[in-house]
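Colleague: Next comes the structure file coords_27.cif, holding mmCIF, C-alpha atoms.
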data_input
loop_
_atom_site.label_atom_id
_atom_site.label_comp_id
_atom_site.auth_asym_id
_atom_site.auth_seq_id
_atom_site.Cartn_x
_atom_site.Cartn_y
_atom_site.Cartn_z
CA MET A 182 -61.49 -17.34 -81.51
CA THR A 183 -63.92 -20.04 -82.72
CA ASP A 184 -65.18 -22.95 -80.62
CA LYS A 185 -62.93 -25.21 -82.67
CA ASP A 186 -59.89 -23.07 -81.89
CA LEU A 187 -60.78 -23.02 -78.20
CA LEU A 188 -61.07 -26.82 -78.10
CA ALA A 189 -57.75 -27.28 -79.90
CA THR A 190 -56.01 -24.93 -77.50
CA ALA A 191 -57.50 -26.45 -74.35
CA ASP A 192 -57.03 -30.03 -75.56
CA ALA A 193 -53.51 -29.82 -76.94
CA LEU A 194 -51.30 -32.86 -77.47
CA THR A 195 -48.19 -32.49 -75.32
CA ILE A 196 -45.01 -34.36 -76.20
CA ASP A 197 -41.82 -33.70 -74.24
CA GLY A 198 -43.29 -30.46 -72.90
CA VAL A 199 -44.29 -29.06 -76.31
CA ARG A 200 -47.98 -28.49 -77.06
CA TYR A 201 -49.44 -29.31 -80.48
CA ARG A 202 -52.92 -28.44 -81.72
CA SER A 203 -53.04 -31.33 -84.18
CA ARG A 204 -53.17 -34.95 -83.01
CA LEU A 205 -52.40 -36.26 -86.49
CA LEU A 206 -48.76 -36.99 -87.31
CA VAL A 207 -47.82 -37.81 -90.89
CA GLY A 208 -44.92 -39.37 -92.74
CA THR A 209 -43.20 -38.13 -95.87
CA GLY A 210 -42.45 -41.30 -97.86
CA LYS A 211 -44.13 -42.89 -100.90
CA TYR A 212 -45.41 -39.65 -102.46
CA ARG A 213 -45.07 -38.93 -106.19
CA ASP A 214 -42.72 -36.02 -105.53
CA LEU A 215 -41.84 -33.42 -102.91
CA THR A 216 -44.55 -31.05 -104.11
CA GLN A 217 -47.23 -33.64 -103.51
CA THR A 218 -45.67 -34.35 -100.14
CA ARG A 219 -45.96 -30.70 -99.14
CA LEU A 220 -49.56 -30.37 -100.36
CA ALA A 221 -50.66 -33.48 -98.47
CA VAL A 222 -48.91 -32.43 -95.27
CA GLU A 223 -50.53 -29.00 -95.48
CA ALA A 224 -53.97 -30.55 -96.03
CA SER A 225 -53.49 -32.87 -93.04
CA GLY A 226 -52.99 -29.99 -90.63
CA ALA A 227 -50.18 -32.00 -89.00
CA GLU A 228 -47.51 -30.16 -87.05
CA ILE A 229 -45.21 -33.15 -86.51
CA VAL A 230 -43.80 -34.70 -89.67
CA THR A 231 -41.75 -37.89 -89.64
CA VAL A 232 -38.74 -38.35 -91.91
CA ALA A 233 -36.96 -41.64 -92.60
CA ILE A 234 -33.33 -40.56 -92.31
CA ARG A 235 -32.03 -43.59 -94.22
CA ARG A 236 -34.36 -42.92 -97.17
CA THR A 237 -34.97 -39.16 -97.33
CA ASN A 238 -32.55 -36.37 -98.09
CA ILE A 239 -32.59 -33.57 -95.50
CA GLY A 240 -29.05 -32.42 -96.22
CA GLN A 241 -27.06 -35.63 -96.47
CA ASP A 242 -26.66 -35.11 -100.24
CA PRO A 243 -26.45 -31.43 -101.30
CA LYS A 244 -26.85 -32.46 -104.95
CA GLN A 245 -30.33 -33.94 -104.42
CA PRO A 246 -33.68 -32.23 -103.65
CA ASN A 247 -33.97 -31.48 -99.95
CA LEU A 248 -37.24 -32.22 -98.17
CA LEU A 249 -36.63 -29.30 -95.83
CA ASP A 250 -36.94 -26.93 -98.79
CA GLU A 251 -40.61 -27.97 -98.97
CA LEU A 252 -41.29 -28.51 -95.25
CA SER A 253 -39.62 -25.79 -93.23
CA GLN A 254 -38.41 -26.48 -89.71
CA ASP A 255 -39.87 -23.09 -88.80
CA LYS A 256 -43.35 -24.45 -89.54
CA TYR A 257 -43.10 -28.14 -88.64
CA THR A 258 -41.49 -30.30 -85.99
CA ILE A 259 -39.36 -32.63 -88.07
CA LEU A 260 -39.35 -36.02 -86.36
CA PRO A 261 -36.51 -38.19 -87.69
CA ASN A 262 -37.20 -41.91 -87.61
CA THR A 263 -35.04 -44.99 -87.90
CA ALA A 264 -37.14 -46.79 -90.51
CA GLY A 265 -35.15 -49.52 -92.20
CA CYS A 266 -33.03 -50.34 -89.16
CA PHE A 267 -32.97 -54.00 -88.09
CA ASP A 268 -30.68 -53.78 -85.08
CA ALA A 269 -30.03 -51.42 -82.20
CA LYS A 270 -26.60 -50.37 -83.46
CA SER A 271 -27.83 -49.06 -86.80
CA ALA A 272 -30.81 -47.32 -85.16
CA ILE A 273 -28.54 -45.54 -82.68
CA ARG A 274 -26.19 -44.47 -85.45
CA THR A 275 -29.12 -43.14 -87.50
CA CYS A 276 -30.32 -41.04 -84.56
CA HIS A 277 -26.85 -39.54 -84.17
CA LEU A 278 -26.88 -38.58 -87.85
CA ALA A 279 -30.35 -37.05 -87.50
CA ARG A 280 -29.26 -34.95 -84.54
CA GLU A 281 -26.36 -33.55 -86.56
CA LEU A 282 -28.52 -32.79 -89.59
CA LEU A 283 -31.23 -31.07 -87.52
CA GLY A 284 -29.03 -28.79 -85.46
CA GLY A 285 -28.93 -30.85 -82.29
CA ARG A 286 -32.64 -31.64 -81.94
CA ALA A 287 -33.10 -34.57 -79.62
CA LEU A 288 -36.64 -35.75 -80.44
CA VAL A 289 -36.57 -38.97 -82.47
CA LYS A 290 -38.89 -41.80 -83.44
CA LEU A 291 -37.21 -45.11 -82.75
CA GLU A 292 -38.16 -48.18 -84.71
CA VAL A 293 -36.07 -51.35 -84.82
CA LEU A 294 -37.61 -53.93 -87.12
CA GLY A 295 -37.55 -57.67 -86.71
CA ASP A 296 -37.77 -58.87 -90.32
CA GLU A 297 -38.42 -57.52 -93.80
CA LYS A 298 -41.65 -59.45 -94.38
CA THR A 299 -43.76 -58.33 -91.42
CA LEU A 300 -41.83 -55.19 -90.40
CA TYR A 301 -42.84 -56.01 -86.83
CA PRO A 302 -40.75 -54.38 -84.10
CA ASP A 303 -37.87 -56.36 -82.61
CA ILE A 304 -38.63 -55.63 -78.96
CA PRO A 305 -35.33 -56.85 -77.42
CA GLU A 306 -33.33 -54.68 -79.86
CA THR A 307 -35.76 -51.81 -79.38
CA LEU A 308 -35.19 -51.94 -75.61
CA VAL A 309 -31.42 -51.88 -76.10
CA ALA A 310 -31.57 -48.93 -78.50
CA ALA A 311 -34.03 -46.99 -76.34
CA ASP A 312 -31.90 -47.42 -73.23
CA THR A 313 -28.78 -46.16 -75.00
CA LEU A 314 -30.48 -43.22 -76.70
CA ILE A 315 -32.20 -42.04 -73.53
CA LYS A 316 -28.90 -42.13 -71.65
CA GLU A 317 -27.39 -40.05 -74.45
CA GLY A 318 -30.03 -37.35 -74.07
CA PHE A 319 -32.41 -38.26 -76.87
CA LYS A 320 -36.17 -37.85 -76.42
CA VAL A 321 -37.49 -41.13 -77.72
CA MET A 322 -40.91 -41.78 -79.24
CA VAL A 323 -40.91 -45.51 -79.73
CA TYR A 324 -42.59 -47.83 -82.22
CA THR A 325 -43.68 -51.03 -80.52
CA THR A 326 -46.11 -53.92 -80.69
CA ASP A 327 -49.58 -53.73 -79.17
CA ASP A 328 -48.28 -55.59 -76.10
CA PRO A 329 -49.20 -53.65 -72.93
CA VAL A 330 -46.22 -55.07 -71.03
CA SER A 331 -43.70 -53.87 -73.61
CA ALA A 332 -45.37 -50.46 -73.73
CA LYS A 333 -45.18 -50.11 -69.96
CA ARG A 334 -41.53 -51.17 -69.91
CA LEU A 335 -40.62 -48.61 -72.58
CA GLU A 336 -42.44 -45.91 -70.63
CA ALA A 337 -40.58 -46.88 -67.44
CA MET A 338 -37.27 -46.55 -69.29
CA GLY A 339 -38.04 -42.92 -70.07
CA CYS A 340 -39.56 -42.88 -73.57
CA VAL A 341 -41.62 -39.71 -74.08
CA ALA A 342 -44.31 -41.51 -76.12
CA VAL A 343 -45.19 -45.09 -76.99
CA MET A 344 -46.46 -45.89 -80.47
CA PRO A 345 -48.11 -49.32 -80.73
CA LEU A 346 -48.92 -50.64 -84.17
CA ALA A 347 -52.54 -51.08 -85.19
CA ALA A 348 -51.53 -53.61 -87.85
CA PRO A 349 -48.39 -54.26 -89.92
CA ILE A 350 -46.80 -51.21 -91.54
CA GLY A 351 -48.49 -50.30 -94.82
CA SER A 352 -51.12 -53.04 -94.53
CA GLY A 353 -54.15 -50.77 -94.20
CA LEU A 354 -55.86 -53.40 -92.04
CA GLY A 355 -56.93 -50.98 -89.32
CA ILE A 356 -56.83 -51.72 -85.60
CA ARG A 357 -56.66 -55.50 -85.20
CA ASN A 358 -56.69 -55.63 -81.40
CA ARG A 359 -58.72 -52.82 -79.89
CA TYR A 360 -58.58 -54.40 -76.44
CA ASN A 361 -54.78 -54.24 -76.30
CA ILE A 362 -54.67 -50.67 -77.55
CA ARG A 363 -57.23 -49.65 -74.95
CA THR A 364 -55.27 -51.46 -72.23
CA ILE A 365 -52.09 -49.58 -73.22
CA VAL A 366 -53.97 -46.28 -73.07
CA GLU A 367 -55.40 -47.05 -69.63
CA ASN A 368 -52.08 -48.10 -68.12
CA THR A 369 -49.64 -45.64 -69.68
CA GLN A 370 -48.97 -42.10 -68.50
CA VAL A 371 -47.03 -40.83 -71.53
CA PRO A 372 -48.82 -40.13 -74.82
CA VAL A 373 -49.98 -43.19 -76.76
CA LEU A 374 -50.11 -42.82 -80.53
CA VAL A 375 -51.29 -45.53 -82.89
CA ASP A 376 -48.62 -46.08 -85.50
CA ALA A 377 -48.89 -48.26 -88.61
CA GLY A 378 -51.78 -50.15 -90.17
CA VAL A 379 -54.31 -47.34 -90.61
CA GLY A 380 -56.10 -47.66 -93.94
CA THR A 381 -58.85 -45.08 -94.02
CA ALA A 382 -60.50 -42.34 -92.00
CA SER A 383 -62.67 -44.62 -89.89
CA ASP A 384 -59.54 -46.40 -88.60
CA ALA A 385 -58.16 -43.09 -87.39
CA SER A 386 -61.44 -42.22 -85.67
CA ILE A 387 -61.53 -45.58 -83.90
CA ALA A 388 -58.01 -45.05 -82.57
CA MET A 389 -59.02 -41.70 -81.14
CA GLU A 390 -62.30 -43.06 -79.74
CA LEU A 391 -60.25 -45.67 -77.85
CA GLY A 392 -58.52 -42.81 -76.07
CA CYS A 393 -55.26 -42.66 -78.02
CA ASP A 394 -53.51 -39.31 -77.87
CA GLY A 395 -52.79 -39.27 -81.58
CA VAL A 396 -52.31 -41.21 -84.79
CA LEU A 397 -49.29 -41.41 -87.06
CA MET A 398 -49.72 -42.52 -90.66
CA ASN A 399 -48.01 -42.42 -94.03
CA THR A 400 -49.11 -45.09 -96.50
CA ALA A 401 -52.85 -44.51 -95.99
CA ILE A 402 -52.41 -40.98 -97.28
CA ALA A 403 -49.50 -41.28 -99.69
CA GLU A 404 -50.86 -44.29 -101.58
CA ALA A 405 -54.48 -43.10 -101.74
CA LYS A 406 -55.81 -42.30 -105.20
CA ASN A 407 -55.99 -38.67 -104.09
CA PRO A 408 -53.45 -38.15 -101.30
CA VAL A 409 -54.36 -34.52 -100.63
CA LEU A 410 -58.06 -35.32 -100.27
CA MET A 411 -57.27 -38.31 -98.05
CA ALA A 412 -55.06 -36.09 -95.88
CA THR A 413 -58.04 -33.80 -95.33
CA ALA A 414 -60.24 -36.79 -94.49
CA MET A 415 -57.72 -38.04 -91.94
CA LYS A 416 -57.53 -34.63 -90.31
CA LEU A 417 -61.30 -34.53 -89.86
CA ALA A 418 -61.41 -38.16 -88.68
CA VAL A 419 -58.87 -37.57 -85.93
CA GLU A 420 -60.72 -34.46 -84.80
CA ALA A 421 -64.08 -36.26 -84.81
CA GLY A 422 -62.72 -39.29 -82.96
CA ARG A 423 -61.15 -37.12 -80.29
CA ARG A 424 -64.38 -35.18 -79.75
CA ALA A 425 -66.38 -38.40 -79.54
CA TYR A 426 -63.96 -39.73 -76.91
CA LEU A 427 -64.22 -36.54 -74.86
CA ALA A 428 -68.01 -36.47 -75.21
CA GLY A 429 -68.38 -40.05 -73.94
CA ARG A 430 -70.28 -42.62 -75.96
CA ILE A 431 -73.50 -44.25 -74.78
CA PRO A 432 -73.21 -47.76 -73.32
CA ARG A 433 -73.81 -50.71 -75.60
CA ARG A 434 -77.12 -52.42 -74.84
CA ALA A 435 -78.44 -55.86 -75.69
CA TYR A 436 -81.92 -54.49 -76.44
CA ALA A 437 -83.53 -51.41 -77.90
CA SER A 438 -83.90 -48.20 -75.94
CA ALA A 439 -86.58 -45.80 -77.15
CA SER A 440 -85.31 -42.43 -78.32
CA SER A 441 -88.43 -40.81 -76.87
CA PRO A 442 -89.45 -42.57 -73.61
CA ILE A 443 -93.20 -42.67 -72.93
CA ASP A 444 -92.89 -42.26 -69.16
CA GLY A 445 -94.75 -39.12 -68.08
CA THR A 446 -96.61 -38.66 -71.34
CA PHE A 447 -100.31 -37.68 -71.49
CA PHE A 448 -101.64 -40.90 -72.91
CA GLU A 449 -101.72 -44.55 -72.03
#
Take the structure in this file and express it as structure tokens.
Modeller:
Amino acid sequence: MTDKDLLATADALTIDGVRYRSRLLVGTGKYRDLTQTRLAVEASGAEIVTVAIRRTNIGQDPKQPNLLDELSQDKYTILPNTAGCFDAKSAIRTCHLARELLGGRALVKLEVLGDEKTLYPDIPETLVAADTLIKEGFKVMVYTTDDPVSAKRLEAMGCVAVMPLAAPIGSGLGIRNRYNIRTIVENTQVPVLVDAGVGTASDASIAMELGCDGVLMNTAIAEAKNPVLMATAMKLAVEAGRRAYLAGRIPRRAYASASSPIDGTFFE
């Protein structure tokens, strides 16, 4: 086993008791076709793959191509999400459908959006949906704002992971408020995964350097000029950012610090 394999095994991402070697989660929308989707997912090294149940066929329509024919449940954890839901009722109904389609799997990604322009989470509706789903036995990974209070409240309710946005969905703006993300990481016991707003590999590295447990992305890969190459870049960026976080960066200093100190040398 290589040093890389040893690190991945010892430093696994654990969600709802399941250990994952990869800390990169990827979506399946916006690709040219299902073949490109599969190639990009493979290049990313991701083990958890999100699927928008309202937009992607995973068995709802037997006459249409099925994503699961390209991404087998034997190889990937299929994480259904409630993208496109603007109220708690529709999000809850979508999760019920997902559980039926996926043989009773309870792990879901909950997102309840506030409006079509910003796609920001509607926190009051998110809280209602999360409370209901958790009581019904779902394991909820929840999309939220970068508000530490909301994140803590969702954790207290029983969500298995909190997923604060870095910036609006699909914007590619990167992490707009590093302080808030860091505060969520420091005050939350469940995994924290940056979700939405990542634009390029450096954004993913920054998220990991802040101490996030993982990064979820879709548009940054799917809409790149070369999605498969970008998926590889994101894989490496997440790995590099995680190692940098574990290694511990040097403190920022106001003035220079010589790389080779002269104390104790043989000249004056």
Colleague: Have a look at CA of Val199 (chain A) and CA of Ile229 (chain A) and let me know their distance in Å, one decimal.
Modeller: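 Between CA of Val199 (chain A) and CA of Ile229 (chain A) the gap is 11.0 Å.
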Colleague: Any chance you could resolve the PyMOL selection byres ((chain A and resi 251) around 9) against this file and give the residues as a PyMOL selection string?
Modeller: chain A and resi 215-216+218-219+247-250+252-253
Colleague: For Val321 (chain A), find every residue with an atom within 6 Å (counting all atoms listed in the file), except residues of its own chain fewer than 5 positions away, and show them as JSON, numbers by chain.
Modeller: {"A": [289, 290, 340, 341]}
Colleague: Using only C-alpha atoms, which of A:Met344, A:Ala377, A:Ala227, A:Ala233 sits nearest Ile356 (chain A)?
Modeller: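 Ranked by minimum distance to Ile356 (chain A), first place goes to A:Ala377.
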Colleague: Care to translate the PyMOL selection byres ((chain A and resi 317) around 12) into actual residues of this file, as a list in words?
Modeller: Ile273, Arg274, Cys276, His277, Arg280, Ala287, Leu288, Ala310, Ala311, Asp312, Thr313, Leu314, Ile315, Lys316, Gly318, Phe319, Lys320, Val321 and Gly339 of chain A
Colleague: Pick out the closest residue to Glu306 (chain A) from this set: A:Lys270, A:Arg359, A:Lys333, A:Arg235. Count only C-alpha atoms.
Modeller: A:Lys270
Colleague: Find the residues near region 407-414 of chain A: any atom within 12 Å, counting only C-alpha atoms, skip ones fewer than 4 places away on the same chain, and give them as a PyMOL selection string.
Modeller: chain A and resi 205-214+216-227+380-386+397-403+418-421
Colleague: CA of Leu278 (chain A) and CA of Val309 (chain A) are how many Å apart?
Modeller: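 Result for CA of Leu278 (chain A) versus CA of Val309 (chain A): 18.3 Å, one decimal.
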Colleague: Which residues, named as in the file, does the PyMOL selection byres ((chain A and resi 261) around 7) pick out? Answer as a PyMOL selection string.
Modeller: chain A and resi 231-234+259-260+262-263+279+289-290
Colleague: For the atom pair CA of Asp394 (chain A) and CA of Leu194 (chain A), what is the interatomic distance in Å to one decimal place?
Modeller: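 Interatomic distance, CA of Asp394 (chain A) to CA of Leu194 (chain A): 6.8 Å.
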Colleague: Taking the point (-53.1, -55.5, -81.5) as given in the file, collect each protein or nucleic acid residue that comes within 10 Å of it, counting all atoms listed in the file, and present the set as a list in words.
Modeller: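 Checking each residue against the 10 Å limit leaves Thr326, Asp327, Asp328, Pro329, Pro345, Leu346, Ala347, Ala348, Pro349, Gly355, Ile356, Arg357, Asn358, Arg359, Tyr360, Asn361, Ile362 and Arg363 of chain A.
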Colleague: Between A:Tyr301, A:Tyr201, A:Tyr257, A:Phe267, single out the one closest to Gly378 (chain A), counting only C-alpha atoms.
Modeller: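 Closest to Gly378 (chain A), using only C-alpha atoms: A:Tyr301.
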Colleague: N, CA, C and O atoms for region 413-438 of chain A, written as a short mmCIF file (atom, residue, chain, number, x, y, z; two decimals), in the frame of the given file, could you do that?
Modeller:
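Output below, filename result01.cif:
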data_model
loop_
_atom_site.label_atom_id
_atom_site.label_comp_id
_atom_site.auth_asym_id
_atom_site.auth_seq_id
_atom_site.Cartn_x
_atom_site.Cartn_y
_atom_site.Cartn_z
N THR A 413 -56.97 -34.59 -95.93
CA THR A 413 -58.04 -33.80 -95.33
C THR A 413 -59.01 -34.70 -94.56
O THR A 413 -59.44 -34.38 -93.45
N ALA A 414 -59.35 -35.85 -95.15
CA ALA A 414 -60.24 -36.79 -94.49
C ALA A 414 -59.65 -37.28 -93.17
O ALA A 414 -60.36 -37.39 -92.16
N MET A 415 -58.37 -37.56 -93.16
CA MET A 415 -57.72 -38.04 -91.94
C MET A 415 -57.69 -36.95 -90.87
O MET A 415 -57.88 -37.23 -89.67
N LYS A 416 -57.49 -35.74 -91.26
CA LYS A 416 -57.53 -34.63 -90.31
C LYS A 416 -58.88 -34.56 -89.62
O LYS A 416 -58.97 -34.47 -88.38
N LEU A 417 -59.95 -34.62 -90.42
CA LEU A 417 -61.30 -34.53 -89.86
C LEU A 417 -61.62 -35.77 -89.01
O LEU A 417 -62.30 -35.66 -87.98
N ALA A 418 -61.13 -36.93 -89.42
CA ALA A 418 -61.41 -38.16 -88.68
C ALA A 418 -60.77 -38.13 -87.30
O ALA A 418 -61.38 -38.54 -86.31
N VAL A 419 -59.55 -37.66 -87.22
CA VAL A 419 -58.87 -37.57 -85.93
C VAL A 419 -59.58 -36.58 -85.03
O VAL A 419 -59.79 -36.83 -83.83
N GLU A 420 -60.00 -35.46 -85.59
CA GLU A 420 -60.72 -34.46 -84.80
C GLU A 420 -62.05 -35.02 -84.31
O GLU A 420 -62.43 -34.85 -83.14
N ALA A 421 -62.78 -35.70 -85.19
CA ALA A 421 -64.08 -36.26 -84.81
C ALA A 421 -63.92 -37.35 -83.75
O ALA A 421 -64.68 -37.41 -82.78
N GLY A 422 -62.94 -38.22 -83.93
CA GLY A 422 -62.72 -39.29 -82.96
C GLY A 422 -62.35 -38.76 -81.60
O GLY A 422 -62.81 -39.28 -80.57
N ARG A 423 -61.54 -37.72 -81.57
CA ARG A 423 -61.15 -37.12 -80.29
C ARG A 423 -62.37 -36.50 -79.59
O ARG A 423 -62.56 -36.65 -78.39
N ARG A 424 -63.19 -35.80 -80.35
CA ARG A 424 -64.38 -35.18 -79.75
C ARG A 424 -65.36 -36.24 -79.24
O ARG A 424 -65.96 -36.07 -78.18
N ALA A 425 -65.50 -37.32 -79.99
CA ALA A 425 -66.38 -38.40 -79.54
C ALA A 425 -65.87 -39.01 -78.24
O ALA A 425 -66.66 -39.31 -77.33
N TYR A 426 -64.55 -39.18 -78.14
CA TYR A 426 -63.96 -39.73 -76.91
C TYR A 426 -64.21 -38.80 -75.73
O TYR A 426 -64.61 -39.24 -74.64
N LEU A 427 -64.01 -37.51 -75.94
CA LEU A 427 -64.22 -36.54 -74.86
C LEU A 427 -65.70 -36.44 -74.48
O LEU A 427 -66.03 -36.26 -73.31
N ALA A 428 -66.58 -36.58 -75.46
CA ALA A 428 -68.01 -36.47 -75.21
C ALA A 428 -68.53 -37.67 -74.41
O ALA A 428 -69.44 -37.54 -73.59
N GLY A 429 -67.95 -38.84 -74.66
CA GLY A 429 -68.38 -40.05 -73.94
C GLY A 429 -69.53 -40.74 -74.66
O GLY A 429 -70.65 -40.23 -74.68
N ARG A 430 -69.25 -41.90 -75.21
CA ARG A 430 -70.28 -42.62 -75.96
C ARG A 430 -71.31 -43.25 -75.02
O ARG A 430 -71.03 -43.48 -73.83
N ILE A 431 -72.48 -43.54 -75.56
CA ILE A 431 -73.50 -44.25 -74.78
C ILE A 431 -73.06 -45.69 -74.57
O ILE A 431 -72.27 -46.23 -75.35
N PRO A 432 -73.57 -46.35 -73.52
CA PRO A 432 -73.21 -47.76 -73.32
C PRO A 432 -73.87 -48.64 -74.37
O PRO A 432 -74.94 -48.32 -74.89
N ARG A 433 -73.20 -49.74 -74.71
CA ARG A 433 -73.81 -50.71 -75.60
C ARG A 433 -74.88 -51.49 -74.84
O ARG A 433 -74.67 -51.87 -73.69
N ARG A 434 -76.01 -51.73 -75.49
CA ARG A 434 -77.12 -52.42 -74.84
C ARG A 434 -77.53 -53.63 -75.67
O ARG A 434 -77.44 -53.60 -76.91
N ALA A 435 -78.01 -54.65 -75.00
CA ALA A 435 -78.44 -55.86 -75.69
C ALA A 435 -79.79 -55.67 -76.39
O ALA A 435 -80.11 -56.38 -77.34
N TYR A 436 -80.59 -54.69 -75.89
CA TYR A 436 -81.92 -54.49 -76.44
C TYR A 436 -82.13 -53.02 -76.78
O TYR A 436 -81.34 -52.16 -76.40
N ALA A 437 -83.23 -52.76 -77.48
CA ALA A 437 -83.53 -51.41 -77.90
C ALA A 437 -83.81 -50.50 -76.72
O ALA A 437 -84.25 -50.94 -75.66
N SER A 438 -83.57 -49.22 -76.92
CA SER A 438 -83.90 -48.20 -75.94
C SER A 438 -84.54 -47.05 -76.69
O SER A 438 -83.92 -46.43 -77.55
#
